[in-house]
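Following: one structure in structure tokens, then a few remarks.
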Amino acid sequence: MKYIINNIGFNTKAEIKAYYRQIFESYKRGEILSREDHIAIFHLLKWHPKYEEKTSKSIKHIKVDVKEHEGYWTNNAFWLVHHDDTQTSFSYPTCVTAIKPNNKLVNV
């Protein structure tokens, strides 16, 4: 396997993106991720270029919800809900793009 994320092997970034898209699309706006999906998404989030900034506060849960773009609420995104109830959005495609071949994040 060229990529390993959360003990799951992938040969291409397209496979990674499809796997995480399936998780993303299985939730309606406002739904909180299951424990299993929370763990999977958190492992992908470690590849986000702003990981440190986005996870500087402890995370209560992850949900899918609407995101504002240019003043309009149009797109769904993953949201980190922190224990102080502030929220930070992130894009799973941004995480996938940042992954480098042969880098392994296995249950870190």
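Labels for the structure tokens follow display order: chains A, B, ..., residues from 1 in each chain, ligands from 1.
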
Hey, what's within 8 Å of Arg21 of chain A if we count only C-alpha atoms and toss same-chain stuff fewer than 4 positions away? As a compact mmCIF listing (two decimals) with C-alpha atoms, in the first residue's frame, please?
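Once written, result-v8.txt looks like this:
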# COMPACT_ATOMS: atom_id res chain seq x y z
CA LYS A 17 -10.91 10.64 -1.18
CA GLU A 25 -22.04 11.94 2.55
CA TYR A 92 -11.48 16.52 3.90

Nearby residues (only C-alpha atoms) at most 6 Å from Met1 of chain A, same-chain spacing under 3 positions excluded, as a list in words: Gly9, Phe10 and Asn11 of chain A

Helix (DSSP H, G or I) residues, from DSSP on the backbone, in chain A, as a PyMOL selection string: chain A and resi 13-25+35-45+51-54+92-98

For the selection just defined, write its residues with C-alpha atoms to a file, as a compact mmCIF listing (two decimals), in the first residue's frame.
# COMPACT_ATOMS: atom_id res chain seq x y z
CA LYS A 13 -5.36 9.47 -3.30
CA ALA A 14 -8.54 8.86 -5.29
CA GLU A 15 -9.22 5.81 -3.08
CA ILE A 16 -8.60 7.89 0.04
CA LYS A 17 -10.91 10.64 -1.18
CA ALA A 18 -13.67 8.15 -2.08
CA TYR A 19 -13.44 6.47 1.33
CA TYR A 20 -13.74 9.75 3.23
CA ARG A 21 -16.40 11.11 0.84
CA GLN A 22 -18.55 8.09 1.71
CA ILE A 23 -18.28 8.96 5.40
CA PHE A 24 -18.98 12.64 4.70
CA GLU A 25 -22.04 11.94 2.55
CA ARG A 35 -17.23 7.14 17.38
CA GLU A 36 -15.80 5.00 14.57
CA ASP A 37 -16.16 7.76 11.97
CA HIS A 38 -14.88 10.37 14.43
CA ILE A 39 -11.66 8.37 14.81
CA ALA A 40 -11.30 7.86 11.03
CA ILE A 41 -11.84 11.55 10.30
CA PHE A 42 -9.52 12.65 13.10
CA HIS A 43 -6.70 10.55 11.60
CA LEU A 44 -7.26 12.19 8.22
CA LEU A 45 -7.37 15.63 9.84
CA TYR A 51 -3.94 20.89 11.89
CA GLU A 52 -2.22 22.52 14.86
CA GLU A 53 -4.40 25.62 14.62
CA LYS A 54 -7.64 23.66 14.16
CA TYR A 92 -11.48 16.52 3.90
CA PRO A 93 -10.25 17.13 0.29
CA THR A 94 -7.70 19.61 1.70
CA CYS A 95 -6.40 16.86 3.97
CA VAL A 96 -6.21 14.35 1.12
CA THR A 97 -4.31 16.81 -1.07
CA ALA A 98 -1.69 17.29 1.65

Among the residues A:Asn6, A:Leu33, A:Asp65, A:Ile99, the one that comes closest to Trp79 of chain A [using only C-alpha atoms]: A:Asp65

Atom pair atom CA of Phe90 of chain A / atom CA of Ser26 of chain A: separation (Å):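 It comes out at 16.9 Å.
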
Residues near Phe78 of chain A, cut-off 6 Å, only C-alpha atoms, skip fewer than 6 positions along chain, as an MDAnalysis selection string: chainID A and resid 63:64 89:90

Put those residues in a file: N, CA and C atoms, as a PDB file, in the first residue's frame.
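To be explicit, this is the file written out as out_29.pdb:
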ATOM      1  N   LYS A  63     -18.881  16.944  13.574  1.00  0.00           N
ATOM      2  CA  LYS A  63     -20.181  16.855  12.914  1.00  0.00           C
ATOM      3  C   LYS A  63     -20.057  17.337  11.478  1.00  0.00           C
ATOM      4  N   VAL A  64     -21.099  17.077  10.708  1.00  0.00           N
ATOM      5  CA  VAL A  64     -21.226  17.632   9.361  1.00  0.00           C
ATOM      6  C   VAL A  64     -22.260  18.739   9.464  1.00  0.00           C
ATOM      7  N   SER A  89     -14.322  24.628  11.110  1.00  0.00           N
ATOM      8  CA  SER A  89     -14.603  23.759   9.960  1.00  0.00           C
ATOM      9  C   SER A  89     -13.305  23.326   9.290  1.00  0.00           C
ATOM     10  N   PHE A  90     -13.402  22.211   8.564  1.00  0.00           N
ATOM     11  CA  PHE A  90     -12.279  21.793   7.730  1.00  0.00           C
ATOM     12  C   PHE A  90     -12.801  20.955   6.576  1.00  0.00           C
TER      13      PHE A  90
END

Which of chain A fall in strand (DSSP E or B), as a PyMOL selection string: chain A and resi 3-5+8-10+32+59-69+72-82+87-90+104-105

Atomic distance atom CA of Ser58 of chain A - atom CA of Thr88 of chain A, expressed in Å with one decimal: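 Straight-line distance from atom CA of Ser58 of chain A to atom CA of Thr88 of chain A works out to 11.4 Å.
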